[in-house]
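Content type TSV, C-alpha atoms and all ligand atoms, from the file upload18.tsv:
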```tsv
chain	number	residue	atom	x	y	z
A	1	MET	CA	-0.76	-26.47	-1.40
A	2	PRO	CA	1.19	-25.38	1.67
A	3	SER	CA	1.87	-27.82	4.49
A	4	TYR	CA	-1.27	-27.57	6.67
A	5	SER	CA	-3.35	-30.40	8.02
A	6	SER	CA	-5.86	-28.74	10.39
A	7	PRO	CA	-9.39	-28.47	8.99
A	8	ILE	CA	-9.40	-25.49	6.66
A	9	SER	CA	-12.37	-23.12	6.86
A	10	GLU	CA	-15.34	-24.45	4.92
A	11	GLY	CA	-15.57	-23.41	1.29
A	12	ARG	CA	-11.82	-23.09	0.80
A	13	THR	CA	-9.20	-25.45	-0.50
A	14	LYS	CA	-6.28	-23.79	1.24
A	15	PRO	CA	-5.67	-21.81	4.40
A	16	LEU	CA	-6.22	-18.07	4.56
A	17	ILE	CA	-3.89	-16.00	6.71
A	18	ALA	CA	-4.87	-12.55	8.01
A	19	VAL	CA	-1.86	-10.32	8.61
A	20	THR	CA	-2.20	-7.13	10.68
A	21	GLY	CA	0.57	-4.59	10.10
A	22	ALA	CA	1.09	-6.26	6.70
A	23	ALA	CA	2.43	-3.09	5.05
A	24	GLY	CA	5.29	-2.69	7.56
A	25	TYR	CA	8.88	-3.89	7.46
A	26	VAL	CA	8.20	-7.36	8.89
A	27	GLY	CA	4.74	-7.49	7.30
A	28	LEU	CA	5.82	-7.04	3.67
A	29	ASN	CA	8.63	-9.58	4.03
A	30	THR	CA	6.30	-12.07	5.70
A	31	CYS	CA	3.52	-11.58	3.14
A	32	TYR	CA	6.02	-12.13	0.30
A	33	LYS	CA	7.15	-15.42	1.85
A	34	LEU	CA	3.54	-16.48	2.57
A	35	LEU	CA	2.66	-15.92	-1.10
A	36	GLN	CA	5.76	-17.86	-2.18
A	37	ALA	CA	4.72	-20.72	0.11
A	38	GLY	CA	1.23	-20.76	-1.46
A	39	TYR	CA	-0.84	-19.17	1.30
A	40	ASP	CA	-3.68	-16.76	0.49
A	41	ILE	CA	-3.70	-13.62	2.60
A	42	VAL	CA	-5.89	-10.78	3.83
A	43	THR	CA	-3.94	-7.70	4.84
A	44	VAL	CA	-4.97	-5.19	7.53
A	45	ASP	CA	-3.08	-1.94	8.02
A	46	ASN	CA	-3.73	1.75	8.63
A	47	TYR	CA	-0.56	2.68	6.68
A	48	SER	CA	0.64	4.90	9.53
A	49	THR	CA	4.21	3.62	9.24
A	50	GLY	CA	3.62	0.94	6.61
A	51	ARG	CA	3.53	1.34	2.82
A	52	GLU	CA	0.33	0.68	0.89
A	53	ASP	CA	2.53	0.92	-2.15
A	54	GLY	CA	4.55	-2.02	-0.80
A	55	LEU	CA	1.41	-4.18	-0.87
A	56	ASN	CA	0.78	-3.05	-4.47
A	57	GLN	CA	4.37	-4.04	-5.29
A	58	LEU	CA	3.61	-7.44	-3.76
A	59	ARG	CA	0.50	-7.82	-5.93
A	60	LYS	CA	2.62	-7.10	-9.01
A	61	LEU	CA	5.25	-9.63	-7.92
A	62	GLN	CA	2.55	-12.19	-7.34
A	63	GLU	CA	1.52	-11.86	-11.02
A	64	GLU	CA	4.99	-11.45	-12.55
A	65	LEU	CA	6.56	-14.34	-10.62
A	66	HIS	CA	3.40	-16.50	-10.71
A	67	LEU	CA	3.51	-16.89	-6.93
A	68	PRO	CA	1.17	-19.67	-5.80
A	69	GLY	CA	-0.55	-17.62	-3.05
A	70	LYS	CA	-2.67	-14.54	-3.58
A	71	ILE	CA	-3.67	-11.36	-1.76
A	72	VAL	CA	-7.41	-11.91	-1.45
A	73	MET	CA	-8.13	-8.53	0.13
A	74	MET	CA	-6.23	-5.42	1.23
A	75	VAL	CA	-8.10	-3.64	4.03
A	76	LYS	CA	-7.21	-0.17	5.28
A	77	MET	CA	-8.22	-0.10	8.93
A	78	ASP	CA	-7.02	1.15	12.29
A	79	ILE	CA	-7.28	-1.87	14.59
A	80	SER	CA	-7.52	0.33	17.70
A	81	GLU	CA	-10.44	2.37	16.41
A	82	ASN	CA	-12.50	-0.03	14.32
A	83	LYS	CA	-13.21	-2.99	16.55
A	84	ASN	CA	-16.51	-3.87	14.87
A	85	LYS	CA	-15.10	-3.54	11.37
A	86	LEU	CA	-12.28	-5.86	12.40
A	87	ARG	CA	-14.75	-8.34	13.93
A	88	ASN	CA	-16.82	-8.29	10.73
A	89	LEU	CA	-13.73	-8.79	8.59
A	90	PHE	CA	-12.71	-11.87	10.57
A	91	LYS	CA	-16.31	-13.15	10.62
A	92	ASP	CA	-16.65	-12.72	6.85
A	93	THR	CA	-13.24	-14.08	5.82
A	94	ARG	CA	-12.75	-16.65	8.65
A	95	PRO	CA	-8.93	-16.66	8.59
A	96	ASP	CA	-7.31	-19.93	9.64
A	97	THR	CA	-4.45	-18.05	11.28
A	98	VAL	CA	-3.93	-14.43	12.30
A	99	ILE	CA	-0.40	-13.04	12.26
A	100	HIS	CA	-0.62	-9.95	14.46
A	101	LEU	CA	2.21	-7.51	13.72
A	102	ALA	CA	0.46	-4.10	13.82
A	103	ALA	CA	1.99	-1.88	16.50
A	104	LYS	CA	3.87	1.31	17.16
A	105	ILE	CA	7.48	0.36	17.77
A	106	VAL	CA	9.74	3.34	18.53
A	107	VAL	CA	11.09	3.11	22.06
A	108	GLU	CA	11.87	6.82	22.67
A	109	GLN	CA	8.51	7.88	21.21
A	110	SER	CA	6.67	5.38	23.42
A	111	ASP	CA	7.92	7.06	26.60
A	112	LYS	CA	6.76	10.46	25.34
A	113	GLU	CA	3.45	9.46	23.74
A	114	ARG	CA	2.08	6.82	26.08
A	115	THR	CA	-1.56	7.33	25.12
A	116	MET	CA	-0.84	6.66	21.47
A	117	TYR	CA	1.12	3.50	22.37
A	118	TYR	CA	-1.58	2.37	24.78
A	119	ARG	CA	-4.24	2.74	22.06
A	120	ASN	CA	-2.31	1.18	19.20
A	121	ASN	CA	-0.59	-1.66	21.03
A	122	ILE	CA	-2.80	-2.55	23.99
A	123	ILE	CA	-6.29	-1.63	22.74
A	124	GLY	CA	-5.34	-2.73	19.20
A	125	THR	CA	-4.36	-6.20	20.47
A	126	LYS	CA	-7.48	-6.46	22.64
A	127	ASN	CA	-9.56	-5.74	19.53
A	128	VAL	CA	-7.70	-8.40	17.55
A	129	ILE	CA	-8.37	-10.91	20.36
A	130	ARG	CA	-12.07	-9.95	20.49
A	131	ALA	CA	-12.40	-10.33	16.73
A	132	MET	CA	-10.64	-13.73	16.80
A	133	ARG	CA	-12.89	-14.91	19.65
A	134	ILE	CA	-16.13	-13.89	17.94
A	135	ALA	CA	-15.02	-15.25	14.55
A	136	ASN	CA	-13.75	-18.45	16.19
A	137	VAL	CA	-10.19	-18.08	14.85
A	138	LYS	CA	-8.06	-20.89	16.23
A	139	ASN	CA	-4.47	-19.83	15.56
A	140	CYS	CA	-2.54	-16.65	16.34
A	141	ILE	CA	1.11	-15.69	15.86
A	142	PHE	CA	2.16	-12.55	17.71
A	143	SER	CA	5.20	-10.28	17.48
A	144	SER	CA	6.57	-9.36	20.89
A	145	THR	CA	10.04	-8.07	21.61
A	146	ALA	CA	13.27	-8.96	23.38
A	147	ALA	CA	12.79	-5.68	25.27
A	148	VAL	CA	10.40	-7.52	27.62
A	149	TYR	CA	13.43	-9.22	29.23
A	150	GLY	CA	15.01	-7.17	31.99
A	151	GLY	CA	18.10	-7.56	34.15
A	152	GLN	CA	20.47	-10.42	33.54
A	153	PRO	CA	19.75	-13.74	31.81
A	154	LYS	CA	19.44	-16.68	34.21
A	155	ASN	CA	22.35	-18.51	32.60
A	156	GLY	CA	24.48	-15.33	32.47
A	157	LEU	CA	24.83	-15.55	28.67
A	158	SER	CA	21.63	-15.30	26.66
A	159	PHE	CA	17.91	-14.93	27.37
A	160	GLN	CA	15.75	-18.04	27.37
A	161	GLU	CA	11.99	-17.95	26.95
A	162	ASP	CA	11.39	-18.76	30.63
A	163	ASP	CA	13.62	-15.94	31.90
A	164	VAL	CA	11.91	-13.35	34.10
A	165	VAL	CA	9.58	-10.83	32.47
A	166	ASP	CA	8.63	-8.26	35.09
A	167	LYS	CA	6.45	-5.22	34.39
A	168	ASN	CA	8.21	-3.33	37.22
A	169	MET	CA	11.50	-3.72	35.35
A	170	ALA	CA	10.22	-2.59	31.94
A	171	SER	CA	12.92	-0.44	30.36
A	172	ASN	CA	10.41	1.60	28.33
A	173	TYR	CA	6.68	1.97	27.70
A	174	TYR	CA	6.82	0.09	24.37
A	175	ALA	CA	8.16	-3.01	26.19
A	176	LEU	CA	5.41	-2.64	28.80
A	177	THR	CA	2.68	-2.60	26.11
A	178	LYS	CA	4.07	-5.87	24.71
A	179	MET	CA	4.06	-7.46	28.20
A	180	TYR	CA	0.36	-6.61	28.56
A	181	ASP	CA	-0.33	-7.94	25.05
A	182	GLU	CA	1.43	-11.21	25.86
A	183	ASP	CA	-0.76	-11.60	29.00
A	184	SER	CA	-4.00	-10.86	27.12
A	185	LEU	CA	-3.16	-13.33	24.34
A	186	ARG	CA	-2.21	-16.08	26.80
A	187	LYS	CA	-5.53	-15.59	28.56
A	188	TRP	CA	-7.36	-15.96	25.22
A	189	GLN	CA	-5.39	-19.13	24.47
A	190	GLU	CA	-6.18	-20.67	27.87
A	191	GLU	CA	-9.88	-19.75	27.92
A	192	TYR	CA	-10.65	-20.90	24.38
A	193	SER	CA	-8.04	-23.71	23.95
A	194	THR	CA	-6.70	-22.03	20.87
A	195	ASN	CA	-3.14	-22.07	19.48
A	196	LEU	CA	-0.75	-19.24	20.19
A	197	ILE	CA	2.85	-18.46	19.38
A	198	ILE	CA	4.38	-15.38	20.98
A	199	ASN	CA	7.59	-14.46	19.18
A	200	ARG	CA	10.12	-12.31	20.92
A	201	PHE	CA	12.00	-10.64	18.08
A	202	PHE	CA	15.47	-9.32	18.79
A	203	ASN	CA	16.87	-6.49	16.58
A	204	LEU	CA	15.77	-6.76	12.97
A	205	ALA	CA	17.88	-5.56	10.06
A	206	GLY	CA	18.47	-6.15	6.34
A	207	ALA	CA	15.91	-6.03	3.55
A	208	GLY	CA	14.02	-8.70	1.61
A	209	GLY	CA	12.18	-9.35	-1.65
A	210	PRO	CA	13.72	-10.23	-5.04
A	211	ASN	CA	15.39	-6.79	-5.36
A	212	LYS	CA	15.56	-5.90	-1.66
A	213	GLU	CA	12.51	-3.68	-2.11
A	214	PHE	CA	11.07	-4.53	1.31
A	215	GLY	CA	13.38	-2.62	3.61
A	216	TYR	CA	13.34	-0.65	6.81
A	217	ASN	CA	10.76	2.10	6.26
A	218	VAL	CA	11.34	4.66	9.03
A	219	TRP	CA	13.00	7.87	7.88
A	220	PRO	CA	15.11	9.29	9.46
A	221	PRO	CA	16.00	5.88	10.94
A	222	THR	CA	15.41	5.30	14.64
A	223	HIS	CA	17.19	1.95	15.00
A	224	LEU	CA	20.96	1.51	15.24
A	225	MET	CA	21.91	-0.57	12.21
A	226	PRO	CA	19.83	1.33	9.62
A	227	SER	CA	21.11	4.60	11.13
A	228	ALA	CA	24.71	3.39	10.86
A	229	VAL	CA	24.26	2.20	7.25
A	230	ALA	CA	22.45	5.36	6.12
A	231	ALA	CA	25.03	7.56	7.85
A	232	ALA	CA	27.95	5.63	6.35
A	233	MET	CA	26.30	6.08	2.91
A	234	GLY	CA	26.25	9.86	3.51
A	235	LEU	CA	22.43	10.00	3.60
A	236	LEU	CA	22.24	11.63	7.03
A	237	SER	CA	24.18	14.86	6.85
A	238	GLY	CA	25.59	16.03	10.17
A	239	PHE	CA	24.65	12.72	11.80
A	240	GLU	CA	26.36	11.95	15.08
A	241	TYR	CA	25.64	8.69	16.92
A	242	LYS	CA	25.09	9.10	20.64
A	243	CYS	CA	26.30	5.80	22.01
A	244	PRO	CA	25.33	4.80	25.58
A	245	MET	CA	28.67	4.01	27.24
A	246	GLY	CA	30.08	2.88	30.55
A	247	LEU	CA	28.18	-0.41	30.71
A	248	ASN	CA	29.70	-3.62	31.91
A	249	THR	CA	30.36	-5.07	28.42
A	250	ARG	CA	33.50	-5.80	26.37
A	251	ASP	CA	33.80	-2.20	25.10
A	252	GLY	CA	31.36	-0.40	27.44
A	253	SER	CA	28.56	-0.05	24.83
A	254	THR	CA	25.31	-2.05	24.74
A	255	ILE	CA	25.32	-5.56	23.24
A	256	ARG	CA	22.36	-6.48	21.04
A	257	ASP	CA	21.41	-9.45	18.87
A	258	TYR	CA	20.74	-8.65	15.17
A	259	VAL	CA	18.72	-10.89	12.89
A	260	HIS	CA	17.81	-10.54	9.20
A	261	VAL	CA	14.17	-9.66	8.48
A	262	GLU	CA	14.01	-12.47	5.87
A	263	ASP	CA	14.98	-15.01	8.54
A	264	ILE	CA	12.14	-13.66	10.72
A	265	ALA	CA	9.70	-13.96	7.81
A	266	ASP	CA	10.85	-17.56	7.22
A	267	ALA	CA	10.23	-18.35	10.89
A	268	LEU	CA	6.70	-16.91	10.77
A	269	VAL	CA	5.80	-18.93	7.66
A	270	THR	CA	7.17	-22.07	9.35
A	271	GLU	CA	5.03	-21.28	12.39
A	272	VAL	CA	1.89	-21.04	10.24
A	273	GLY	CA	2.62	-24.61	9.09
A	274	TYR	CA	3.42	-25.70	12.65
A	275	LEU	CA	0.10	-24.40	14.02
A	276	GLY	CA	-1.73	-25.78	10.99
A	277	LYS	CA	-0.58	-29.26	11.95
A	278	ARG	CA	-1.86	-29.04	15.53
A	279	ASN	CA	-5.27	-30.28	14.44
A	280	GLY	CA	-7.20	-28.93	17.42
A	281	VAL	CA	-4.56	-29.65	20.07
A	282	GLY	CA	-3.93	-26.39	21.95
A	283	ALA	CA	-0.42	-24.94	21.77
A	284	SER	CA	0.99	-22.01	23.68
A	285	GLU	CA	4.60	-21.25	22.90
A	286	ILE	CA	6.96	-18.36	23.44
A	287	ILE	CA	9.80	-18.33	20.92
A	288	ASN	CA	12.91	-16.17	20.79
A	289	LEU	CA	13.87	-15.15	17.27
A	290	GLY	CA	17.37	-13.73	17.07
A	291	SER	CA	20.77	-14.75	15.73
A	292	GLY	CA	22.00	-16.12	19.05
A	293	GLU	CA	25.01	-13.79	18.86
A	294	GLY	CA	25.66	-10.35	20.31
A	295	GLN	CA	27.37	-7.33	18.78
A	296	THR	CA	28.24	-4.14	20.62
A	297	THR	CA	27.00	-0.79	19.33
A	298	LYS	CA	30.58	0.18	18.56
A	299	GLU	CA	31.10	-3.02	16.55
A	300	ILE	CA	27.95	-2.36	14.46
A	301	VAL	CA	29.01	1.20	13.73
A	302	GLY	CA	32.55	-0.02	12.88
A	303	SER	CA	31.26	-2.80	10.56
A	304	ALA	CA	28.93	-0.41	8.70
A	305	ALA	CA	31.72	2.15	8.27
A	306	GLU	CA	34.16	-0.50	7.05
A	307	LEU	CA	31.84	-2.36	4.65
A	308	ILE	CA	30.42	0.83	3.14
A	309	SER	CA	33.67	2.81	3.30
A	310	GLY	CA	31.99	5.76	4.99
A	311	ASP	CA	32.28	7.19	8.46
A	312	PHE	CA	30.51	9.47	10.95
A	313	PRO	CA	31.20	10.72	14.47
A	314	MET	CA	30.10	8.80	17.55
A	315	THR	CA	29.81	10.58	20.90
A	316	LYS	CA	28.94	9.42	24.39
A	317	GLY	CA	25.17	9.11	24.95
A	318	LYS	CA	23.10	8.59	28.10
A	319	VAL	CA	22.26	5.13	29.43
A	320	ARG	CA	18.47	4.79	29.81
A	321	PRO	CA	17.09	3.72	33.22
A	322	ASN	CA	16.77	-0.10	33.34
A	323	GLU	CA	18.84	-0.36	30.10
A	324	SER	CA	19.95	-3.99	29.64
A	325	PRO	CA	23.69	-4.06	28.98
A	326	SER	CA	23.28	-7.19	26.87
A	327	LEU	CA	20.23	-8.66	25.09
A	328	VAL	CA	21.18	-11.83	23.24
A	329	ALA	CA	18.74	-14.59	22.27
A	330	ASN	CA	19.03	-18.20	23.17
A	331	ILE	CA	17.51	-19.74	20.01
A	332	THR	CA	17.62	-23.41	20.97
A	333	LYS	CA	13.82	-23.59	21.20
A	334	ALA	CA	13.19	-22.10	17.72
A	335	ASN	CA	15.55	-24.69	16.32
A	336	ALA	CA	14.09	-27.62	18.28
A	337	LEU	CA	10.42	-26.77	17.64
A	338	LEU	CA	10.54	-25.33	14.13
A	339	GLY	CA	13.87	-26.54	12.76
A	340	TRP	CA	14.64	-22.82	12.28
A	341	ASN	CA	18.06	-21.24	12.20
A	342	PRO	CA	18.95	-17.82	10.81
A	343	LYS	CA	20.69	-18.09	7.43
A	344	HIS	CA	21.97	-14.52	7.03
A	345	SER	CA	25.13	-12.97	8.46
A	346	LEU	CA	25.76	-9.51	9.87
A	347	THR	CA	27.43	-8.59	6.55
A	348	ASP	CA	24.26	-9.65	4.66
A	349	MET	CA	22.17	-7.38	6.90
A	350	ILE	CA	24.42	-4.37	6.30
A	351	MET	CA	24.79	-4.97	2.55
A	352	ASP	CA	21.04	-5.55	2.06
A	353	LEU	CA	20.27	-2.32	3.89
A	354	GLN	CA	22.75	-0.58	1.61
A	355	ILE	CA	20.93	-1.94	-1.47
A	356	TRP	CA	17.58	-0.83	0.03
A	357	PHE	CA	18.77	2.72	0.80
A	358	GLY	CA	20.24	2.98	-2.70
A	359	GLY	CA	17.15	1.54	-4.43
A	360	GLU	CA	14.21	3.05	-6.30
A	361	THR	CA	11.57	2.19	-3.68
A	362	PHE	CA	13.42	4.00	-0.92
A	363	LYS	CA	13.86	7.09	-3.14
A	364	ASP	CA	10.07	7.24	-3.57
A	365	LEU	CA	9.28	7.03	0.17
B	401	LIG	N1	11.66	-3.98	13.74
B	401	LIG	C1	12.16	-4.51	14.85
B	401	LIG	O1	13.40	-4.48	15.09
B	401	LIG	C2	11.25	-5.21	15.84
B	401	LIG	C3	11.83	-5.77	16.99
B	401	LIG	C4	10.99	-6.40	17.92
B	401	LIG	C5	9.63	-6.53	17.69
B	401	LIG	N2	9.10	-5.98	16.56
B	401	LIG	C6	7.63	-6.11	16.36
B	401	LIG	O2	7.36	-6.54	15.04
B	401	LIG	C7	6.13	-5.97	14.60
B	401	LIG	C8	6.32	-5.34	13.24
B	401	LIG	O3	7.31	-4.32	13.34
B	401	LIG	P1	7.91	-3.59	12.06
B	401	LIG	O4	9.37	-3.45	12.28
B	401	LIG	O5	7.42	-4.24	10.82
B	401	LIG	O6	7.26	-2.14	12.24
B	401	LIG	P2	6.52	-1.25	11.14
B	401	LIG	O7	6.24	0.07	11.79
B	401	LIG	O8	7.28	-1.24	9.86
B	401	LIG	O9	5.18	-2.05	10.93
B	401	LIG	C9	4.03	-1.91	11.76
B	401	LIG	C10	2.82	-1.87	10.84
B	401	LIG	O10	1.65	-1.77	11.63
B	401	LIG	C11	0.81	-0.75	11.09
B	401	LIG	N3	0.02	-0.23	12.22
B	401	LIG	C12	0.46	0.41	13.33
B	401	LIG	N4	-0.57	0.72	14.14
B	401	LIG	C13	-1.69	0.26	13.52
B	401	LIG	C14	-3.08	0.28	13.84
B	401	LIG	N5	-3.51	0.86	14.97
B	401	LIG	N6	-3.95	-0.27	12.98
B	401	LIG	C15	-3.54	-0.84	11.84
B	401	LIG	N7	-2.23	-0.90	11.47
B	401	LIG	C16	-1.32	-0.34	12.29
B	401	LIG	C17	1.76	0.26	10.48
B	401	LIG	O11	1.18	1.07	9.48
B	401	LIG	C18	2.85	-0.66	9.91
B	401	LIG	O12	2.54	-1.08	8.59
B	401	LIG	C19	5.68	-4.99	15.68
B	401	LIG	O13	4.67	-5.59	16.45
B	401	LIG	C20	6.92	-4.78	16.51
B	401	LIG	O14	6.59	-4.49	17.86
B	401	LIG	C21	9.87	-5.33	15.62
```
Before we go any further, please render this structure as structure tokens.
Ligand SMILES: NC(=O)c1ccc[n+]([C@@H]2O[C@H](COP(=O)([O-])OP(=O)(O)OC[C@H]3O[C@@H](n4cnc5c(N)ncnc54)[C@H](O)[C@@H]3O)[C@@H](O)[C@H]2O)c1
Amino acid sequence: MPSYSSPISEGRTKPLIAVTGAAGYVGLNTCYKLLQAGYDIVTVDNYSTGREDGLNQLRKLQEELHLPGKIVMMVKMDISENKNKLRNLFKDTRPDTVIHLAAKIVVEQSDKERTMYYRNNIIGTKNVIRAMRIANVKNCIFSSTAAVYGGQPKNGLSFQEDDVVDKNMASNYYALTKMYDEDSLRKWQEEYSTNLIINRFFNLAGAGGPNKEFGYNVWPPTHLMPSAVAAAMGLLSGFEYKCPMGLNTRDGSTIRDYVHVEDIADALVTEVGYLGKRNGVGASEIINLGSGEGQTTKEIVGSAAELISGDFPMTKGKVRPNESPSLVANITKANALLGWNPKHSLTDMIMDLQIWFGGETFKDL
């Protein structure tokens, strides 16, 4: 029985966690860790970028490894289009906690296809909130992004949770959708005295699962580290990385904070236990989840090339308007509140991505 002391919904002996976006990169890794920790789960996904097959792999692992939790139900649903179906699902299953991960997440695409991002991220989250309110769900864990921070950190080094988040400074439409989502969720928490954790993830990398079968699932990759690893492995023929240059950083390229997806999944499972112990006392927390360290784009490309013994050209790319030169997490709060610290190194992230890109699951994508 997982660590959880709040009253569990009637008729059950252990908590049930509903996970939206469960078939995605973070979702599959989180569901695997939830099952390992003994939680039962209901998954919700429209499989637009996620892998239904990944959830079937999880079901198999659950049996083969005798994991103590189980997948009670796998529901294919678009959360932006099926608000009543979502409400009915929450009313029927009465999840003790909702982990809301479903979203569209590609920055460049978000600026071009605003309507799609508005529907998926803003309307989708409003529908999740409505369903939680009607079904009287008490706990929610949300995945926001470091991209909500703009400008310079107050302390000049790394972003803290109370640093300025200003919609007028949003560097892209994706970040703006997450700012609106954060506001809507906080309003729900205040009005209904529920429990809310808003996580601001920094840059995720690596792969998880017993054989690293839960990896980054966008092809061709749109994020830096998977692009660098795939290119160094020779999987992206003719690939050339356009690196934004001329910024005020140690080598002129952007500095970002990279964290292993398994460390993120561990944090989310710890948060389920944390909220489960609140026992009716409202909590509203914003938590940065990153490594606490920054690497430049050039350093990431160099590390991937060196560790994988492959190389590819890098040329000068444009700096986006409102681009933050440096986005590094201050992770003091995650440590103080949850006892969480990332366990994986940059080398682990690169090597695990290499295993993922060389593995059977990736070949079948
Ligand atoms: N990957 C990162 O580096 C990163 C960084 C910061 C924040 N995040 C946040 O973490 C969360 C998970 O991201 P990810 O990397 O796993 O992305 P992902 O694309 O792999 O997963 C998103 C999942 O949501 C599903 N989905 C999307 N729209 C949906 C809808 N309307 N209805 C139902 N399901 C829908 C997709 O099919 C997919 O399975 C997102 O909210 C994202 O904003 C990710």
Fill in: Option closest in space to ligand LIG 401 (chain B), from A:Ser110, A:Asn82, A:Thr97, A:Thr145 [counting all atoms listed in the file]
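Distance minimum relative to ligand LIG 401 (chain B) lands on A:Thr145.
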Item to complete: Select, from A:Asn88, A:Thr297, A:Ser184, A:Thr43, the residue with the minimum atom-to-atom distance to Met73 (chain A), counting all atoms listed in the file.
Response: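 Ranked by minimum distance to Met73 (chain A), first place goes to A:Thr43.
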Please return the centre and edge lengths, in Å to one decimal, of a box with edges along x, y and z that contains all listed atoms of region 108-116 of chain A, widened by 6 Å on every side, as JSON.
```
{"center_x": 5.2, "center_y": 7.9, "center_z": 23.9, "size_x": 25.4, "size_y": 17.1, "size_z": 17.4}
```
Discussion item. Just the number, please: distance in Å from CA of Tyr173 (chain A) to CA of His223 (chain A), one decimal.
Written reply: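 Here the two named atoms are 16.5 Å from each other.
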Worksheet item: Could you pull the residues within 10 Å of Pro226 (chain A), counting only C-alpha atoms, minus those fewer than 6 positions along the same chain, as a list in words?
Response: Leu204, Ala205, Gly206, Gly215, Tyr216, Asn217, Val218, Trp219, Pro220, Ala232, Ala304, Met349, Ile350, Leu353, Gln354 and Phe357 of chain A
Worksheet entry | Residues near Leu58 (chain A), cut-off 9 Å, all atoms listed in the file, skip fewer than 3 positions along chain, as a ChimeraX atom specification | /A:28,31-32,35,53-55,61-63,71
Item to complete: Might you pull out every residue within 7 Å of Glu240 (chain A), with all atoms listed in the file counted and same-chain residues fewer than 2 positions away left off, and present them as a PyMOL selection string?
Response: chain A and resi 238+242+312-315
Discussion item. Would you compute the distance between CA of Tyr258 (chain A) and CA of Gly27 (chain A)? Give it in Å to one decimal.
Written reply: 17.9 Å
Practice prompt. Let me have all residues with an atom within 8 Å of ligand LIG 401 (chain B), counting all atoms listed in the file, laid out as JSON, numbers by chain.
Written response: {"A": [20, 21, 22, 23, 24, 25, 26, 27, 28, 44, 45, 46, 47, 48, 49, 50, 51, 76, 77, 78, 79, 80, 81, 100, 101, 102, 103, 104, 105, 119, 120, 121, 124, 142, 143, 144, 145, 146, 147, 174, 178, 200, 201, 202, 203, 204, 205, 216, 217, 218, 223]}
Worksheet item: If you measure from CA of Arg59 (chain A) to CA of Leu268 (chain A), what distance in Å do you get, rounded to one decimal?
Response: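 Result for CA of Arg59 (chain A) versus CA of Leu268 (chain A): 20.0 Å, one decimal.
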Practice prompt. Rank nothing, just name the residue among A:Gly276, A:Pro244, A:Gly290, A:Gly151 nearest to His344 (chain A), using all atoms listed in the file.
Written response: A:Gly290
Item to complete: Give me the residues within 9 Å of region 192-197 of chain A as a PyMOL selection string, counting all atoms listed in the file and dropping any in the same chain fewer than 6 places off.
Response: chain A and resi 133+137-143+185-186+271+275+278+280-287
Worksheet entry | Point (21.4, -13.4, 13.2), cut-off 9 Å, counting all atoms listed in the file, residues as a PyMOL selection string | chain A and resi 203-204+257-260+263+289-294+341-346+349
Please dump the current selection as a CSV table (one decimal), in the coordinates of the input; keep C-alpha atoms.
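out04.csv, freshly written:
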```
chain,number,residue,atom,x,y,z
A,203,ASN,CA,16.9,-6.5,16.6
A,204,LEU,CA,15.8,-6.8,13.0
A,257,ASP,CA,21.4,-9.4,18.9
A,258,TYR,CA,20.7,-8.6,15.2
A,259,VAL,CA,18.7,-10.9,12.9
A,260,HIS,CA,17.8,-10.5,9.2
A,263,ASP,CA,15.0,-15.0,8.5
A,289,LEU,CA,13.9,-15.2,17.3
A,290,GLY,CA,17.4,-13.7,17.1
A,291,SER,CA,20.8,-14.8,15.7
A,292,GLY,CA,22.0,-16.1,19.0
A,293,GLU,CA,25.0,-13.8,18.9
A,294,GLY,CA,25.7,-10.4,20.3
A,341,ASN,CA,18.1,-21.2,12.2
A,342,PRO,CA,19.0,-17.8,10.8
A,343,LYS,CA,20.7,-18.1,7.4
A,344,HIS,CA,22.0,-14.5,7.0
A,345,SER,CA,25.1,-13.0,8.5
A,346,LEU,CA,25.8,-9.5,9.9
A,349,MET,CA,22.2,-7.4,6.9
```
Practice prompt. Return the single residue from A:Ser309, A:Thr361, A:Gln295, A:Ser237 that is closest to Ala329 (chain A), with distances computed using all atoms listed in the file.
Written response: A:Gln295
